Structure formats: C-alpha cells, structure tokens
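K.L.:
Got a structure here, written out as structure tokens. Questions coming.
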Amino acid sequence: MKKFLIPLVLAFALVLPTAAVEAAYVLVPNFYNMTSNRIQERIRYTGMDQKNHNGVHYTSWHYVCVDGKTNQYVSKYIKKLNAKHNIRQVGHNGGNWYFAYNGNQAHMLKTFNGGFHIHVGVSGRNVVVDLVGGMYPET
C-alpha cells in the first residue's frame with residue numbers, strides 16, 4: 001500500500017502548485033516613448049501611485065509635457081493604443097479616454113466599473129495613464 005500511496009502523493013504535490021499559478025502580465029505602449037527625450041526633455045515622468053478603486057487595484061503613471069505639445073503627444077499615444085489588435089477604445093469624454101484589453105489574459109484582469117482597463121487623462125500639461133493590476137508600460 002505504501003508503494004502505491006507515496007508516488008501518488010508526490011505526483012499530486014507536483015501538479016497542484018503548477019495548476020494554481022495564474023497571473024496576468026500585459027504590456028501596453030509607454031506614454032514616455034511618444035517622442036525622443038535624448039537631446040531635449042519633452043516628456044517628464046513624474047512618478048506613479050498604487051491605488052484602489054471599488055476593489056480594483058491599479059497603477060497611476062504621471063507625466064508632464066514640458067515643451068507645450070501635449071495635444072500632439074496624447075493624439076499620437078491614442079493612435080498607438082488604437083493600433084494594438086488587442087486593445088479597443090470604449091469611450092471618450094473631454095480629456096479622458098477609456099480602453100479595454102481583449103487579449104488572451106483579459107479574463108485575469110479586473111475592469112473598472114465602466115468596463116475598461118486603461119484610462120488616459122489630460123489636464124493642461126499633465127497626463128495620467130491608469131492601468132489595472134497586471135498591466136505595465138513597455139520599457
């Protein structure tokens with residue numbers, strides 16, 4: 001009986017941890033990369049905050065457009081997001097754009113109550129990109 005039970009328990013112990021591990025890791029375009037910052041600073045990354053809204057954990061990435069071309073860079077960023085085959089725009093209201101991710105790992109990502117995963121907000125020279133937990137800007 002022991003010869004049968006021990007291999008069975010060991011096999012179960014190896015299978016259980018691999019079946020339980022699931023995590024989303026989705027990369028989206030980085031707003032900072034919308035222009036070259038090598039010669040002259042055009043977009044300044046000012047930090048990020050980890051936040052929670054109605055049980056949805058998300059990261060808020062903050063940028064400042066220092067050369068006065070905020071609308072140009074935001075327009076380029078919105079076009080870049082829309083060009084991704086697994087990201088679609090689900091709303092736009094003034095200086096706010098909302099996008100939903102519908103790729104392979106979408107079932108592992110929580111959505112904000114409006115059914116979106118990405119929020120891009122503009123206020124003057126300041127730009128904020130909110131990404132739900134599991135989504136990160138490309139490097």
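We name chains A, B, ... following the order of the structure tokens; residues begin at 1 in each chain, and ligands are numbered from 1 as shown.
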Can you tell me, as a count of residues only, which residues in chain A count as strand (DSSP E) by DSSP?
P.N.:
53
K.L.:
List as an MDAnalysis selection string the protein and nucleic acid residues near Val28 in chain A, meaning an atom at most 9 Å away when only C-alpha atoms are counted, but skip any in the same chain fewer than 3 places from it.
P.N.:
chainID A and resid 81 84 87 131 135:138
K.L.:
Rank A:Arg38, A:His119, A:Lys69, A:Arg44 by their smallest atom-to-atom distance to His92 in chain A, using only C-alpha atoms, and report the top residue only.
P.N.:
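Going through A:Arg38, A:His119, A:Lys69, A:Arg44 one by one, the smallest distance to His92 in chain A is for A:His119.
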K.L.:
Would you mind telling me which residue in A:Thr35, A:Thr59, A:Gln50, A:Asn126 lies nearest to Lys76 in chain A when using only C-alpha atoms?
P.N.:
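The closest residue to Lys76 in chain A is A:Thr35.
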K.L.:
Set the distance at 12 Å and use only C-alpha atoms: which residues neighbour Lys80 in chain A once local chain neighbours fewer than 6 positions away are removed? I'd like the list as a PyMOL selection string.
P.N.:
chain A and resi 28-31+33-34+73-74+86-89+99
K.L.:
What separation in Å, quoted to one decimal, exists between CA of Val120 in chain A and CA of Asn96 in chain A?
P.N.:
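According to the coordinates, CA of Val120 in chain A and CA of Asn96 in chain A are separated by 5.6 Å.
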K.L.:
Would you give me, as a short mmCIF file (atom, residue, chain, number, x, y, z; two decimals) with C-alpha atoms, in the first residue's frame, the residues in range 15-136 of chain A that DSSP reads as alpha helix (DSSP H)?
P.N.:
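What ended up in states-v9.cif:
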```cif
data_model
loop_
_atom_site.label_atom_id
_atom_site.label_comp_id
_atom_site.auth_asym_id
_atom_site.auth_seq_id
_atom_site.Cartn_x
_atom_site.Cartn_y
_atom_site.Cartn_z
CA VAL A 15 0.74 19.05 -10.12
CA LEU A 16 -1.12 21.20 -7.59
CA PRO A 17 1.26 24.22 -7.47
CA THR A 18 1.58 24.45 -11.25
CA ALA A 19 -2.18 24.41 -11.74
CA ALA A 20 -2.83 27.10 -9.14
CA THR A 70 0.68 67.88 -25.00
CA ASN A 71 -2.14 67.51 -27.54
CA GLN A 72 0.26 66.23 -30.20
CA TYR A 73 1.77 63.58 -27.89
CA VAL A 74 -1.60 62.48 -26.49
CA SER A 75 -3.03 62.17 -30.01
CA LYS A 76 -0.05 60.03 -31.02
CA TYR A 77 -0.49 57.88 -27.89
CA ILE A 78 -4.23 57.36 -28.51
CA LYS A 79 -3.48 56.32 -32.11
CA LYS A 80 -0.82 53.90 -30.86
CA LEU A 81 -3.24 52.31 -28.38
CA ASN A 82 -5.94 52.04 -31.06
CA ALA A 83 -3.45 50.38 -33.41
#
```
K.L.:
To one decimal place in Å, what is the distance between CA of Val90 in chain A and CA of Gly115 in chain A?
P.N.:
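According to the coordinates, CA of Val90 in chain A and CA of Gly115 in chain A are separated by 8.2 Å.
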K.L.:
Find the residue from A:Gly47, A:Gly68, A:Gly133, A:Gly55 that sits nearest to Ala106 in chain A; use only C-alpha atoms when measuring.
P.N.:
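Going through A:Gly47, A:Gly68, A:Gly133, A:Gly55 one by one, the smallest distance to Ala106 in chain A is for A:Gly133.
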K.L.:
Taking into account only C-alpha atoms, which residue in the set A:Asp49, A:Val129, A:Gly124, A:Leu109 is nearest to Val26 in chain A?
P.N.:
A:Leu109
K.L.:
Can you measure CA of Ile43 in chain A to CA of Gly91 in chain A for me? One decimal in Å is fine.
P.N.:
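About the pair CA of Ile43 in chain A and CA of Gly91 in chain A: they are 24.9 Å apart.
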K.L.:
Return the single residue from A:Thr111, A:Asn104, A:Ser123, A:Ile118 that is closest to Val56 in chain A, with distances computed using only C-alpha atoms.
P.N.:
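Selected residue with least distance to Val56 in chain A: A:Thr111.
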